[in-house]
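Participant: Got run.txt for you, compact mmCIF, C-alpha atoms:
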# COMPACT_ATOMS: atom_id res chain seq x y z
CA MET A 92 92.50 103.31 74.56
CA SER A 93 93.12 99.98 72.95
CA GLU A 94 92.27 96.76 74.80
CA LEU A 95 95.94 95.74 74.93
CA ILE A 96 96.98 98.94 76.75
CA LEU A 97 94.08 98.55 79.20
CA ASP A 98 95.04 94.89 79.76
CA ILE A 99 98.66 95.85 80.44
CA THR A 100 97.50 98.59 82.87
CA THR A 101 95.25 96.11 84.72
CA ILE A 102 98.03 93.54 84.95
CA SER A 103 100.54 96.18 86.14
CA ILE A 104 98.17 97.40 88.87
CA SER A 105 97.62 93.81 90.03
CA TYR A 106 101.32 93.03 90.03
CA VAL A 107 102.23 96.18 91.98
CA LEU A 108 99.44 95.44 94.47
CA PHE A 109 100.71 91.88 94.87
CA TRP A 110 104.22 93.03 95.79
CA LEU A 111 102.88 95.85 97.96
CA LEU A 112 100.88 93.27 99.90
CA ILE A 113 103.95 91.05 100.33
CA ILE A 114 106.09 94.02 101.48
CA ILE A 115 103.43 95.11 104.01
CA LEU A 116 103.11 91.54 105.34
CA ILE A 117 106.88 91.18 105.70
CA LEU A 118 107.37 94.59 107.33
CA TYR A 119 104.39 94.47 109.73
CA PRO A 120 105.77 91.84 112.18
CA LYS A 121 109.31 93.19 111.86
CA LEU A 122 108.38 96.80 112.68
CA SER A 123 105.89 95.82 115.40
CA LYS A 124 108.49 93.58 117.04
CA ARG A 125 111.04 96.39 116.97
CA LYS A 126 108.52 98.72 118.63
CA VAL A 127 107.76 96.14 121.36
CA GLU A 128 111.48 95.51 121.95
CA ARG A 129 112.12 99.25 122.24
CA ARG A 130 109.39 99.47 124.92
CA LEU A 131 110.88 96.46 126.72
CA ASN A 132 114.33 98.07 126.72
CA ARG A 133 112.90 101.32 128.06
CA LEU A 134 111.16 99.39 130.84
CA ASN A 135 114.39 97.57 131.71
CA GLN A 136 116.37 100.82 131.80
CA SER A 137 113.84 102.56 134.07
CA LYS A 138 114.33 99.90 136.79
CA MET B 184 117.65 82.25 118.52
CA ILE B 185 120.11 83.12 115.73
CA ARG B 186 119.66 79.69 114.10
CA LYS B 187 115.88 80.09 114.22
CA PHE B 188 116.06 83.53 112.63
CA LYS B 189 118.39 82.31 109.90
CA LYS B 190 116.14 79.36 109.03
CA ASN B 191 113.17 81.67 108.66
CA TYR B 192 115.26 84.09 106.64
CA TYR B 193 116.10 81.29 104.18
CA ILE B 194 112.43 80.44 103.82
CA LEU B 195 111.73 84.08 102.91
CA ILE B 196 114.59 84.26 100.38
CA THR B 197 113.46 80.99 98.74
CA SER B 198 109.87 82.18 98.54
CA LEU B 199 110.74 85.58 97.05
CA SER B 200 113.19 83.99 94.56
CA LEU B 201 110.52 81.53 93.42
CA LEU B 202 108.02 84.38 92.99
CA ILE B 203 110.49 86.29 90.80
CA ILE B 204 111.37 83.16 88.77
CA ASN B 205 107.63 82.62 88.34
CA LEU B 206 107.29 85.95 86.58
CA PHE B 207 109.91 84.85 84.02
CA LEU B 208 108.08 81.52 83.63
CA ILE B 209 104.81 83.35 82.94
CA PHE B 210 106.32 85.51 80.20
CA GLY B 211 108.64 82.83 78.87
CA LEU B 212 106.44 79.75 78.73
CA ALA B 213 102.77 80.63 78.88
CA SER B 214 100.72 81.92 75.96
CA PHE B 215 97.40 83.71 76.34
CA GLU B 216 94.54 84.97 74.20
CA ARG B 217 94.73 88.22 76.17
CA VAL B 218 97.48 89.67 78.37
CA VAL B 219 95.00 90.27 81.20
CA TYR B 220 94.73 86.48 81.69
CA ILE B 221 98.08 86.69 83.56
CA ILE B 222 96.09 88.13 86.48
CA PHE B 223 94.83 84.63 87.17
CA PHE B 224 98.20 83.36 88.39
CA TYR B 225 98.15 85.94 91.18
CA HIS B 226 94.40 85.90 91.78
CA VAL B 227 94.22 82.10 92.12
CA SER B 228 97.40 81.94 94.24
CA ALA B 229 96.08 84.58 96.64
CA ALA B 230 92.69 82.84 96.83
CA TRP B 231 94.41 79.51 97.55
CA LEU B 232 96.53 81.05 100.29
CA SER B 233 93.55 82.74 101.92
CA TYR B 234 91.52 79.50 101.94
CA PHE B 235 94.57 77.65 103.24
CA SER B 236 95.11 80.24 106.00
CA PHE B 237 91.50 80.01 107.12
CA GLY B 238 91.78 76.20 107.07
CA VAL B 239 94.86 76.39 109.31
CA SER B 240 93.03 78.79 111.62
CA LEU B 241 90.08 76.35 111.91
CA ILE B 242 92.40 73.49 112.91
CA ALA B 243 94.29 75.76 115.34
CA HIS B 244 91.06 76.95 116.97
CA ILE B 245 89.73 73.39 117.38
CA LEU B 246 93.07 72.36 118.91
CA TYR B 247 92.90 75.34 121.28
CA LEU B 248 89.47 74.29 122.53
CA LYS B 249 90.80 70.75 123.07
CA GLN B 250 94.19 71.51 124.63
CA LYS B 251 93.76 75.10 125.95
CA LYS B 252 97.25 76.03 124.77
CA MET B 253 97.71 79.72 123.93
CA ASN B 254 100.01 78.81 120.99
CA TRP B 255 97.05 77.38 119.07
CA SER B 256 94.97 80.47 119.66
CA ASN B 257 97.80 82.70 118.43
CA LEU B 258 98.32 80.50 115.36
CA GLY B 259 94.61 80.78 114.59
CA LYS B 260 94.70 84.57 114.87
CA ASN B 261 97.92 84.91 112.84
CA SER B 262 96.58 82.68 110.05
CA ILE B 263 93.49 84.87 109.89
CA ILE B 264 95.61 88.05 109.66
CA VAL B 265 97.47 86.62 106.63
CA GLY B 266 94.24 85.26 105.14
CA VAL B 267 92.44 88.60 105.42
CA PHE B 268 95.21 90.38 103.50
CA PHE B 269 95.20 87.79 100.73
CA VAL B 270 91.43 87.55 100.42
CA THR B 271 91.33 91.36 100.05
CA PHE B 272 93.85 91.07 97.22
CA THR B 273 91.75 88.27 95.68
CA LEU B 274 88.66 90.48 95.73
CA ILE B 275 90.50 93.45 94.19
CA THR B 276 92.06 91.40 91.38
CA GLY B 277 88.73 89.62 90.86
CA SER B 278 87.02 92.99 90.40
CA LEU B 279 89.74 94.18 88.02
CA TRP B 280 89.31 90.96 86.05
CA PHE B 281 85.53 91.41 86.02
CA ASN B 282 85.91 94.93 84.60
CA ALA B 283 88.38 93.71 81.97
CA THR B 284 86.30 90.76 80.72
CA SER B 285 82.57 90.83 81.54
CA GLY B 286 82.57 94.60 82.04
CA ALA B 287 84.52 95.27 78.80
CA TYR B 288 86.34 98.16 80.55
CA ASN B 289 83.11 100.08 81.21
CA ASN B 290 83.99 100.56 84.88
CA VAL B 291 81.92 97.57 85.96
CA TYR B 292 83.89 96.26 88.91
CA TRP B 293 81.17 94.74 91.04
CA GLN B 294 77.94 92.85 90.63
CA TRP B 295 75.98 91.94 93.74
CA SER B 296 74.17 89.20 91.85
CA ASP B 297 77.49 87.39 91.30
CA ALA B 298 77.61 84.65 93.94
CA ARG B 299 81.42 84.32 94.07
CA GLN B 300 82.05 88.04 94.58
CA THR B 301 79.32 88.45 97.20
CA THR B 302 80.14 85.33 99.23
CA THR B 303 83.87 86.21 99.21
CA LEU B 304 83.00 89.68 100.52
CA ILE B 305 80.94 88.04 103.30
CA LEU B 306 83.97 85.84 104.07
CA LEU B 307 86.26 88.88 104.29
CA LEU B 308 83.87 90.86 106.50
CA SER B 309 83.38 87.85 108.82
CA TYR B 310 87.09 87.48 109.46
CA ILE B 311 87.59 91.25 109.86
CA ALA B 312 84.83 91.08 112.49
CA TYR B 313 86.76 88.23 114.15
CA LEU B 314 89.92 90.38 114.40
CA VAL B 315 88.01 93.42 115.72
CA PHE B 316 86.15 91.27 118.25
CA ARG B 317 89.37 89.61 119.44
CA ASN B 318 90.99 93.00 119.92
CA PHE B 319 88.21 94.20 122.21
CA ILE B 320 88.52 91.44 124.84
CA GLU B 321 91.04 92.14 127.58
CA ASP B 322 91.15 88.81 129.44
CA ARG B 323 93.60 86.38 127.74
CA GLU B 324 91.71 83.15 128.37
CA LYS B 325 88.34 84.65 127.53
CA LYS B 326 89.79 86.21 124.37
CA ALA B 327 91.25 82.88 123.21
CA LYS B 328 88.10 80.89 123.99
CA LEU B 329 85.58 83.26 122.42
CA SER B 330 87.70 83.92 119.34
CA ALA B 331 88.20 80.15 118.87
CA ILE B 332 84.43 79.70 118.85
CA LEU B 333 84.03 82.63 116.45
CA GLY B 334 86.80 81.28 114.20
CA ILE B 335 84.99 77.94 113.95
CA VAL B 336 81.57 79.58 113.43
CA PHE B 337 82.88 81.75 110.58
CA PHE B 338 84.69 78.94 108.75
CA PRO B 339 81.66 77.78 106.66
CA THR B 340 82.02 81.06 104.73
CA VAL B 341 85.18 79.54 103.19
CA PRO B 342 83.59 76.49 101.49
CA LEU B 343 80.58 78.69 100.69
CA SER B 344 82.84 81.14 98.85
CA TYR B 345 84.59 78.30 96.99
CA LEU B 346 81.43 76.41 96.01
CA SER B 347 79.39 79.53 95.17
CA ALA B 348 80.68 79.66 91.58
CA ILE B 349 79.64 76.02 91.08
CA LEU B 350 76.33 75.98 92.96
CA PHE B 351 74.90 79.45 92.25
CA THR B 352 74.78 82.01 89.42
CA SER B 353 78.24 83.41 88.86
CA LEU B 354 80.28 84.82 86.01
CA HIS B 355 83.41 83.45 87.66
CA PRO B 356 85.18 81.18 85.16
CA LEU B 357 86.24 77.69 86.18
CA ILE B 358 89.59 76.19 85.26
CA ASN B 359 89.04 73.42 82.75
CA PRO B 360 91.55 71.04 81.13
CA ASN B 361 89.31 70.69 78.06
CA PRO B 362 89.51 73.56 75.56
CA GLY B 363 86.47 75.21 73.99
CA GLU B 364 83.94 74.88 76.83
CA PRO B 365 82.07 78.18 77.27
CA GLY B 366 82.45 80.03 80.57
CA ASN B 367 85.61 78.12 81.44
CA ILE B 368 89.30 78.92 81.21
CA TYR B 369 91.35 76.34 79.41
CA TRP B 370 94.60 75.69 81.25
CA ASP B 371 97.20 73.46 79.68
CA SER B 372 99.85 71.57 81.66
CA ILE B 373 102.42 74.42 81.34
CA LYS B 374 100.05 76.96 82.86
CA LEU B 375 99.11 74.51 85.60
CA PHE B 376 102.81 73.94 86.32
CA ILE B 377 103.40 77.72 86.61
CA LEU B 378 100.36 78.04 88.86
CA ILE B 379 101.54 75.22 91.15
CA PHE B 380 105.02 76.82 91.17
CA ASN B 381 103.41 80.06 92.35
CA LEU B 382 101.36 78.20 94.98
CA VAL B 383 104.52 76.61 96.41
CA ALA B 384 106.26 80.03 96.55
CA ILE B 385 103.32 81.71 98.24
CA THR B 386 102.84 78.85 100.74
CA LEU B 387 106.50 79.22 101.76
CA LEU B 388 105.78 82.90 102.31
CA PHE B 389 102.86 81.90 104.55
CA ILE B 390 105.19 79.70 106.65
CA TYR B 391 107.65 82.60 106.97
CA LEU B 392 104.92 85.07 108.00
CA ILE B 393 103.42 82.70 110.59
CA ARG B 394 106.85 82.18 112.17
CA GLU B 395 107.48 85.94 112.24
CA LEU B 396 104.06 86.66 113.75
CA LYS B 397 104.75 83.99 116.39
CA GLU B 398 107.97 85.80 117.33
CA LEU B 399 105.98 89.02 117.58
CA ASP B 400 103.46 87.36 119.92
CA ILE B 401 106.30 86.10 122.15
CA ALA B 402 107.75 89.64 122.33
CA LYS B 403 104.29 91.07 123.13
CA GLU B 404 103.77 88.51 125.92
CA LYS B 405 107.16 89.45 127.41
CA LEU B 406 106.14 93.11 127.37
CA GLN B 407 102.80 92.32 129.03
CA GLU B 408 104.60 90.37 131.77
CA LYS B 409 107.03 93.26 132.38
CA LEU B 410 104.19 95.78 132.50
CA HIS B 411 102.32 93.55 134.95
CA ILE B 412 105.39 93.27 137.20
CA LYS B 413 105.84 97.07 137.05
CA MET B 414 102.22 97.62 138.03
CA GLU B 415 102.54 95.20 140.94
CA GLU B 416 105.69 97.00 142.12
CA GLY B 417 103.92 100.36 141.88
CA ARG B 418 101.09 99.25 144.22
What would you get if you wrote out this structure as structure tokens?
Facilitator:
Amino acid sequence: MSELILDITTISISYVLFWLLIIILILYPKLSKRKVERRLNRLNQSK
Amino acid sequence: MIRKFKKNYYILITSLSLLIINLFLIFGLASFERVVYIIFFYHVSAAWLSYFSFGVSLIAHILYLKQKKMNWSNLGKNSIIVGVFFVTFTLITGSLWFNATSGAYNNVYWQWSDARQTTTLILLLSYIAYLVFRNFIEDREKKAKLSAILGIVFFPTVPLSYLSAILFTSLHPLINPNPGEPGNIYWDSIKLFILIFNLVAITLLFIYLIRELKELDIAKEKLQEKLHIKMEEGR
């Protein structure tokens, strides 16, 4: 494979990884918080 | 509560918009000898954010030991969570870069003799150890105190990682404003502007993430309190 194609592949992998990292970091607190709130609601209902 | 959420939401939108605009700036304004050089905008930004996060965690841990406020301990931990993610990304892109340049695409991703790669790996492993250790302690006060000490003890790995490419043997290139110097990357003012633009965007993202993680900690504390009350009622 030519160097240009390999360069483009490397850059694409890095760029996808970058956005994947951002998506994970944005979703992690949101999903965890939702899970905690669901548990809190269940606790409140079981009173 | 709604106002707080909205403010944070705007920070996120601004950060993501700037990151997208940055991509257009890279392709529209910057010129490179090789396409793979674009990796540096993301690699350097992620490295900056990880160092910044660990710096924030150091300050937060010192403040915790002084004031004994749980907020500082949580800020320290949350900064480390963000930093660990970004330093992992820095190591991966650094290895990809290494394979593309020094390795000439011969599947050479890692060299233990390279000071920057090795010291950054030590930095990553230290802070992963911090998070694992913190998770194992049950008592809140004990957890905050011991992890603050550990956070301070591990911080020297940050300047060590940064200075390793200058002090020891490393193939890591240094950014240089003067063209033609071997082993350095020449960055003109346009590239520096794009890099700073990316740094601003990514720092805004850090602010957003820290605020979100703080909200998560508050929710977790509420749950702990409820569970404690339930247990007391059950006795």
Participant: Restrict the distance test to only C-alpha atoms, flag each residue of chain A within 6 Å of chain B, and return the flagged residues as a list in words.
Facilitator: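 Every residue meeting the condition is included here: Asp98, Ile102, Pro120, Lys124 and Leu131 of chain A.
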Participant: Quote the spacing between atom CA of B:Ser256 and atom CA of B:His244 in Å to one decimal place.
Facilitator: 5.9 Å
Participant: Rounded to one decimal in Å, what is the spacing between atom CA of A:Arg125 and atom CA of A:Leu112?
Facilitator: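 Interatomic distance, atom CA of A:Arg125 to atom CA of A:Leu112: 20.1 Å.
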Participant: Residues around (82.7, 80.8, 113.3), cut-off 12 Å, counting only C-alpha atoms - what are they as a list in words?
Facilitator: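 Residues with an atom close enough to that point: Phe237, Gly238, Ser240, Leu241, His244, Ile245, Gly259, Leu306, Ser309, Tyr310, Ala312, Tyr313, Lys328, Leu329, Ser330, Ala331, Ile332, Leu333, Gly334, Ile335, Val336, Phe337, Phe338, Pro339, Thr340 and Val341 of chain B.
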Participant: To one decimal in Å, tell me the separation between atom CA of B:Ser200 and atom CA of B:Thr386.
Facilitator: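 Between atom CA of B:Ser200 and atom CA of B:Thr386 the gap works out to 13.1 Å.
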Participant: Could you check which residues have any atom within 7 Å of (82.8, 96.8, 93.9), counting all atoms listed in the file with coordinates taken straight from the file, and then list them as a ChimeraX atom specification?
Facilitator: /B:278,292-293
Participant: With only C-alpha atoms as the atoms that count, which of B:Ile209, B:Ile196, B:Leu258, B:Val315 lies nearest to B:Leu378?
Facilitator: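 Of the candidates, the smallest distance to B:Leu378 is held by B:Ile209.
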Participant: From the options B:Ile377, B:Ile204, B:Ala384, B:Ala298, which residue's atoms come nearest to B:Ile349, counting only C-alpha atoms?
Facilitator: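 Using only C-alpha atoms, B:Ile349 sits closest to B:Ala298.
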Participant: Kindly add N, CA and C atoms to the incomplete stretch 109-125 of chain A and provide the output as a compact mmCIF listing (two decimals), in the coordinates of the input.
Facilitator:
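That gives us out_1.txt:
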# COMPACT_ATOMS: atom_id res chain seq x y z
N PHE A 109 100.23 93.16 94.35
CA PHE A 109 100.71 91.88 94.87
C PHE A 109 101.99 92.07 95.67
N TRP A 110 102.94 92.81 95.10
CA TRP A 110 104.22 93.03 95.79
C TRP A 110 104.07 93.98 96.98
N LEU A 111 103.16 94.93 96.85
CA LEU A 111 102.88 95.85 97.96
C LEU A 111 102.34 95.06 99.16
N LEU A 112 101.45 94.13 98.86
CA LEU A 112 100.88 93.27 99.90
C LEU A 112 101.97 92.45 100.58
N ILE A 113 102.86 91.87 99.78
CA ILE A 113 103.95 91.05 100.33
C ILE A 113 104.87 91.91 101.20
N ILE A 114 105.20 93.12 100.72
CA ILE A 114 106.09 94.02 101.48
C ILE A 114 105.44 94.40 102.82
N ILE A 115 104.14 94.73 102.78
CA ILE A 115 103.43 95.11 104.01
C ILE A 115 103.45 93.92 105.00
N LEU A 116 103.16 92.73 104.47
CA LEU A 116 103.11 91.54 105.34
C LEU A 116 104.48 91.19 105.92
N ILE A 117 105.53 91.46 105.18
CA ILE A 117 106.88 91.18 105.70
C ILE A 117 107.27 92.24 106.74
N LEU A 118 106.94 93.50 106.43
CA LEU A 118 107.37 94.59 107.33
C LEU A 118 106.55 94.66 108.62
N TYR A 119 105.25 94.32 108.56
CA TYR A 119 104.39 94.47 109.73
C TYR A 119 104.93 93.78 110.99
N PRO A 120 105.24 92.46 110.93
CA PRO A 120 105.77 91.84 112.18
C PRO A 120 107.13 92.38 112.57
N LYS A 121 107.95 92.70 111.56
CA LYS A 121 109.31 93.19 111.86
C LYS A 121 109.25 94.53 112.60
N LEU A 122 108.46 95.47 112.07
CA LEU A 122 108.38 96.80 112.68
C LEU A 122 107.68 96.76 114.03
N SER A 123 106.62 95.94 114.12
CA SER A 123 105.89 95.82 115.40
C SER A 123 106.80 95.23 116.47
N LYS A 124 107.58 94.22 116.08
CA LYS A 124 108.49 93.58 117.04
C LYS A 124 109.54 94.57 117.53
N ARG A 125 110.03 95.39 116.60
CA ARG A 125 111.04 96.39 116.97
C ARG A 125 110.46 97.38 117.98
